[in-house]
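Participant: Input upload31.txt, format and content: compact mmCIF, N, CA and C atoms.
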```txt
# COMPACT_ATOMS: atom_id res chain seq x y z
N MET E 840 63.50 120.93 109.97
CA MET E 840 62.52 121.74 109.24
C MET E 840 62.54 121.34 107.76
N GLN E 841 61.35 121.23 107.17
CA GLN E 841 61.25 120.81 105.79
C GLN E 841 61.50 121.98 104.85
N GLU E 842 62.20 121.69 103.76
CA GLU E 842 62.39 122.70 102.71
C GLU E 842 61.10 122.80 101.91
N LYS E 843 60.63 123.97 101.71
CA LYS E 843 59.46 124.16 100.87
C LYS E 843 59.85 124.99 99.65
N VAL E 844 59.09 124.81 98.58
CA VAL E 844 59.36 125.55 97.36
C VAL E 844 58.07 126.22 96.89
N LYS E 845 58.24 127.29 96.18
CA LYS E 845 57.11 128.03 95.64
C LYS E 845 57.32 128.18 94.14
N ILE E 846 56.49 127.46 93.35
CA ILE E 846 56.62 127.53 91.91
C ILE E 846 55.27 127.92 91.29
N ASN E 847 55.35 128.63 90.19
CA ASN E 847 54.14 129.16 89.56
C ASN E 847 53.20 128.06 89.06
N SER E 848 53.74 126.91 88.69
CA SER E 848 52.87 125.83 88.22
C SER E 848 51.95 125.34 89.34
N ASP E 849 52.41 125.42 90.60
CA ASP E 849 51.53 125.06 91.73
C ASP E 849 50.42 126.10 91.90
N ARG E 850 50.75 127.37 91.69
CA ARG E 850 49.71 128.41 91.74
C ARG E 850 48.65 128.14 90.67
N ASP E 851 49.11 127.79 89.47
CA ASP E 851 48.18 127.50 88.38
C ASP E 851 47.34 126.27 88.68
N LEU E 852 47.94 125.28 89.33
CA LEU E 852 47.21 124.07 89.72
C LEU E 852 46.14 124.40 90.75
N ILE E 853 46.46 125.24 91.70
CA ILE E 853 45.49 125.67 92.72
C ILE E 853 44.33 126.40 92.05
N LYS E 854 44.64 127.27 91.10
CA LYS E 854 43.58 127.98 90.36
C LYS E 854 42.68 127.00 89.63
N LYS E 855 43.30 126.03 88.96
CA LYS E 855 42.55 125.05 88.16
C LYS E 855 41.62 124.22 89.05
N ILE E 856 42.14 123.71 90.14
CA ILE E 856 41.37 122.79 90.97
C ILE E 856 40.37 123.51 91.87
N PHE E 857 40.79 124.58 92.51
CA PHE E 857 39.96 125.21 93.52
C PHE E 857 39.31 126.52 93.08
N GLY E 858 39.70 127.01 91.92
CA GLY E 858 39.06 128.20 91.37
C GLY E 858 39.39 129.49 92.10
N VAL E 859 40.52 129.53 92.78
CA VAL E 859 40.93 130.75 93.48
C VAL E 859 42.40 131.04 93.16
N THR E 860 42.74 132.30 93.23
CA THR E 860 44.14 132.70 93.11
C THR E 860 44.68 132.83 94.52
N PRO E 861 45.61 131.96 94.91
CA PRO E 861 46.09 131.99 96.29
C PRO E 861 46.92 133.24 96.58
N ILE E 862 46.83 133.68 97.82
CA ILE E 862 47.65 134.80 98.27
C ILE E 862 49.10 134.33 98.39
N ASP E 863 49.27 133.13 98.93
CA ASP E 863 50.60 132.52 99.08
C ASP E 863 50.43 131.01 99.00
N TRP E 864 51.49 130.31 98.62
CA TRP E 864 51.44 128.86 98.50
C TRP E 864 52.84 128.30 98.63
N ALA E 865 52.90 127.00 98.92
CA ALA E 865 54.18 126.31 99.01
C ALA E 865 53.96 124.82 98.80
N ARG E 866 54.96 124.17 98.25
CA ARG E 866 54.94 122.71 98.12
C ARG E 866 56.06 122.17 98.99
N TYR E 867 55.74 121.11 99.73
CA TYR E 867 56.69 120.49 100.63
C TYR E 867 57.26 119.22 100.00
N PRO E 868 58.40 118.74 100.51
CA PRO E 868 59.04 117.55 99.92
C PRO E 868 58.15 116.31 99.88
N ASP E 869 57.19 116.20 100.79
CA ASP E 869 56.30 115.04 100.79
C ASP E 869 55.18 115.17 99.75
N GLY E 870 55.20 116.26 98.95
CA GLY E 870 54.21 116.47 97.90
C GLY E 870 53.03 117.32 98.31
N ARG E 871 52.93 117.61 99.59
CA ARG E 871 51.81 118.40 100.10
C ARG E 871 51.87 119.83 99.57
N ILE E 872 50.68 120.37 99.23
CA ILE E 872 50.57 121.78 98.84
C ILE E 872 49.80 122.50 99.94
N VAL E 873 50.33 123.61 100.38
CA VAL E 873 49.67 124.44 101.38
C VAL E 873 49.48 125.81 100.74
N PHE E 874 48.25 126.35 100.86
CA PHE E 874 48.04 127.68 100.31
C PHE E 874 47.09 128.48 101.16
N ILE E 875 47.18 129.80 101.00
CA ILE E 875 46.28 130.73 101.69
C ILE E 875 45.35 131.31 100.63
N SER E 876 44.05 131.13 100.86
CA SER E 876 43.05 131.59 99.90
C SER E 876 42.86 133.10 100.03
N PRO E 877 42.16 133.72 99.08
CA PRO E 877 41.91 135.16 99.16
C PRO E 877 41.12 135.56 100.41
N THR E 878 40.41 134.61 101.01
CA THR E 878 39.65 134.93 102.23
C THR E 878 40.52 134.82 103.48
N GLY E 879 41.78 134.39 103.30
CA GLY E 879 42.70 134.28 104.43
C GLY E 879 42.74 132.90 105.05
N GLN E 880 41.94 131.97 104.54
CA GLN E 880 41.94 130.61 105.07
C GLN E 880 43.17 129.86 104.57
N LYS E 881 43.72 129.00 105.43
CA LYS E 881 44.88 128.21 105.08
C LYS E 881 44.41 126.79 104.77
N PHE E 882 44.84 126.26 103.63
CA PHE E 882 44.48 124.91 103.22
C PHE E 882 45.74 124.09 103.01
N SER E 883 45.66 122.81 103.34
CA SER E 883 46.77 121.89 103.15
C SER E 883 46.22 120.61 102.54
N TYR E 884 46.79 120.20 101.40
CA TYR E 884 46.33 119.00 100.70
C TYR E 884 47.51 118.10 100.39
N THR E 885 47.29 116.80 100.61
CA THR E 885 48.32 115.82 100.27
C THR E 885 48.39 115.68 98.75
N GLN E 886 49.48 115.08 98.28
CA GLN E 886 49.63 114.87 96.84
C GLN E 886 48.52 113.95 96.32
N ASP E 887 48.15 112.94 97.10
CA ASP E 887 47.07 112.04 96.66
C ASP E 887 45.76 112.80 96.48
N ARG E 888 45.45 113.68 97.41
CA ARG E 888 44.20 114.46 97.31
C ARG E 888 44.25 115.42 96.12
N ILE E 889 45.40 116.03 95.91
CA ILE E 889 45.56 116.93 94.75
C ILE E 889 45.33 116.15 93.46
N ASP E 890 45.90 114.95 93.37
CA ASP E 890 45.73 114.11 92.17
C ASP E 890 44.26 113.76 91.96
N GLN E 891 43.56 113.41 93.03
CA GLN E 891 42.14 113.07 92.93
C GLN E 891 41.33 114.26 92.44
N GLU E 892 41.58 115.41 93.02
CA GLU E 892 40.83 116.62 92.65
C GLU E 892 41.12 117.01 91.20
N GLU E 893 42.37 116.89 90.80
CA GLU E 893 42.73 117.24 89.42
C GLU E 893 42.05 116.31 88.43
N GLN E 894 41.98 115.01 88.74
CA GLN E 894 41.29 114.06 87.87
C GLN E 894 39.81 114.40 87.76
N THR E 895 39.20 114.77 88.87
CA THR E 895 37.79 115.15 88.86
C THR E 895 37.56 116.36 87.97
N VAL E 896 38.39 117.37 88.11
CA VAL E 896 38.27 118.59 87.29
C VAL E 896 38.49 118.26 85.82
N ASP E 897 39.49 117.43 85.53
CA ASP E 897 39.76 117.06 84.14
C ASP E 897 38.59 116.31 83.53
N ARG E 898 37.95 115.41 84.30
CA ARG E 898 36.77 114.69 83.80
C ARG E 898 35.63 115.66 83.52
N GLN E 899 35.43 116.63 84.41
CA GLN E 899 34.36 117.61 84.21
C GLN E 899 34.62 118.44 82.96
N ILE E 900 35.84 118.84 82.76
CA ILE E 900 36.19 119.63 81.57
C ILE E 900 35.99 118.79 80.32
N SER E 901 36.42 117.53 80.35
CA SER E 901 36.27 116.64 79.20
C SER E 901 34.80 116.42 78.87
N THR E 902 33.98 116.21 79.88
CA THR E 902 32.54 116.01 79.67
C THR E 902 31.91 117.26 79.08
N HIS E 903 32.31 118.40 79.59
CA HIS E 903 31.77 119.67 79.09
C HIS E 903 32.16 119.88 77.62
N LYS E 904 33.42 119.61 77.30
CA LYS E 904 33.88 119.79 75.92
C LYS E 904 33.13 118.84 74.98
N ALA E 905 32.91 117.60 75.42
CA ALA E 905 32.20 116.63 74.59
C ALA E 905 30.76 117.09 74.36
N ALA E 906 30.14 117.63 75.38
CA ALA E 906 28.76 118.10 75.24
C ALA E 906 28.69 119.30 74.30
N MET E 907 29.71 120.12 74.30
CA MET E 907 29.72 121.30 73.44
C MET E 907 29.93 120.92 71.97
N LYS E 908 30.55 119.77 71.70
CA LYS E 908 30.82 119.35 70.34
C LYS E 908 29.58 118.76 69.66
N LYS E 909 28.62 118.25 70.45
CA LYS E 909 27.44 117.65 69.86
C LYS E 909 26.61 118.72 69.16
N PRO E 910 26.21 118.45 67.91
CA PRO E 910 25.39 119.45 67.21
C PRO E 910 23.98 119.50 67.79
N ALA E 911 23.40 120.65 67.74
CA ALA E 911 22.03 120.82 68.22
C ALA E 911 21.09 120.09 67.27
N PRO E 912 20.02 119.49 67.79
CA PRO E 912 19.08 118.79 66.90
C PRO E 912 18.41 119.79 65.96
N ASN E 913 18.15 119.35 64.74
CA ASN E 913 17.50 120.20 63.75
C ASN E 913 15.99 120.14 63.97
N ALA E 914 15.46 121.14 64.58
CA ALA E 914 14.02 121.22 64.81
C ALA E 914 13.45 122.29 63.90
N LYS E 915 12.29 121.98 63.35
CA LYS E 915 11.64 122.98 62.51
C LYS E 915 11.06 124.07 63.39
N GLU E 916 11.11 125.26 62.89
CA GLU E 916 10.50 126.36 63.63
C GLU E 916 9.00 126.27 63.46
N LYS E 917 8.28 126.79 64.42
CA LYS E 917 6.82 126.74 64.37
C LYS E 917 6.27 127.43 63.13
N SER E 918 6.94 128.43 62.66
CA SER E 918 6.45 129.17 61.49
C SER E 918 6.53 128.32 60.23
N ASP E 919 7.40 127.29 60.23
CA ASP E 919 7.54 126.42 59.06
C ASP E 919 6.50 125.31 59.04
N GLN E 920 5.85 125.04 60.16
CA GLN E 920 4.90 123.94 60.24
C GLN E 920 3.54 124.36 59.72
N GLU E 921 2.83 123.38 59.15
CA GLU E 921 1.48 123.62 58.67
C GLU E 921 0.54 123.74 59.86
N PRO E 922 -0.39 124.67 59.85
CA PRO E 922 -1.35 124.77 60.95
C PRO E 922 -2.29 123.57 60.93
N ASP E 923 -2.74 123.17 62.11
CA ASP E 923 -3.66 122.03 62.23
C ASP E 923 -5.09 122.53 62.07
N THR E 924 -5.53 122.69 60.83
CA THR E 924 -6.88 123.21 60.57
C THR E 924 -7.92 122.10 60.63
N ALA E 925 -7.53 120.86 60.38
CA ALA E 925 -8.48 119.74 60.40
C ALA E 925 -8.96 119.50 61.83
N GLY E 926 -8.06 119.56 62.79
CA GLY E 926 -8.45 119.36 64.18
C GLY E 926 -9.32 120.49 64.69
N ALA E 927 -9.05 121.70 64.26
CA ALA E 927 -9.83 122.86 64.70
C ALA E 927 -11.23 122.83 64.09
N ALA E 928 -11.39 122.35 62.87
CA ALA E 928 -12.70 122.30 62.21
C ALA E 928 -13.58 121.23 62.79
N ALA E 929 -12.99 120.15 63.31
CA ALA E 929 -13.76 119.05 63.87
C ALA E 929 -14.37 119.41 65.22
N LYS E 930 -13.87 120.40 65.87
CA LYS E 930 -14.36 120.77 67.21
C LYS E 930 -15.59 121.55 67.16
```
Show this structure as structure tokens.
Facilitator:
Amino acid sequence: MQEKVKINSDRDLIKKIFGVTPIDWARYPDGRIVFISPTGQKFSYTQDRIDQEEQTVDRQISTHKAAMKKPAPNAKEKSDQEPDTAGAAAK
């Protein structure tokens, strides 16, 4: 029988990657994480899959942060613009 461990950093990793707070979780010596979701479903992921998912989430977070840093374009408000009276008079 394999020894399994339950550490809070794995719970935090599950929250980060899958967006749920697990009811229970365990990590096995081969790196696999097994957890029970709030809906009662049991999930098992290899260390390779966990690494892939974490990289995907990290890229999404990085992209989002970069997009948030870009300043909004300076657009004039319509009230600041001159009305187009020449076009209206020609009609």
Participant: DSSP says strand (DSSP E or B) for which residues of segment 844-873 of chain E? Put them as number ranges by chain?
Facilitator: E: 844, 863-866, 872-873
Participant: At what distance in Å, to one decimal, does atom CA of Gly870 of chain E lie from atom CA of Gly858 of chain E?
Facilitator: 20.2 Å
Participant: Which of segment 851-891 of chain E end up as alpha helix (DSSP H) when DSSP is run on this backbone - answer as a ChimeraX atom specification?
Facilitator: /E:851-857,886-891
Participant: Find the residues around segment 874-888 of chain E up to 5 Å (only N, CA and C atoms counted), leave out those fewer than 6 positions away in its own chain, and share them as a VMD selection string.
Facilitator: chain E and resid 861 to 864
Participant: At what distance in Å, to one decimal, does atom CA of Ile856 of chain E lie from atom CA of Val844 of chain E?
Facilitator: 19.3 Å
Participant: Between atom C of Ile872 of chain E and atom N of Arg898 of chain E, what is the spacing in Å?
Facilitator: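 Atom C of Ile872 of chain E lies at a distance of 20.9 Å from atom N of Arg898 of chain E.
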Participant: Show me the residues close to (47.4, 128.3, 90.1) - anything with an atom within 6 Å, counting all atoms listed in the file - and format the list as a ChimeraX atom specification.
Facilitator: /E:847-855
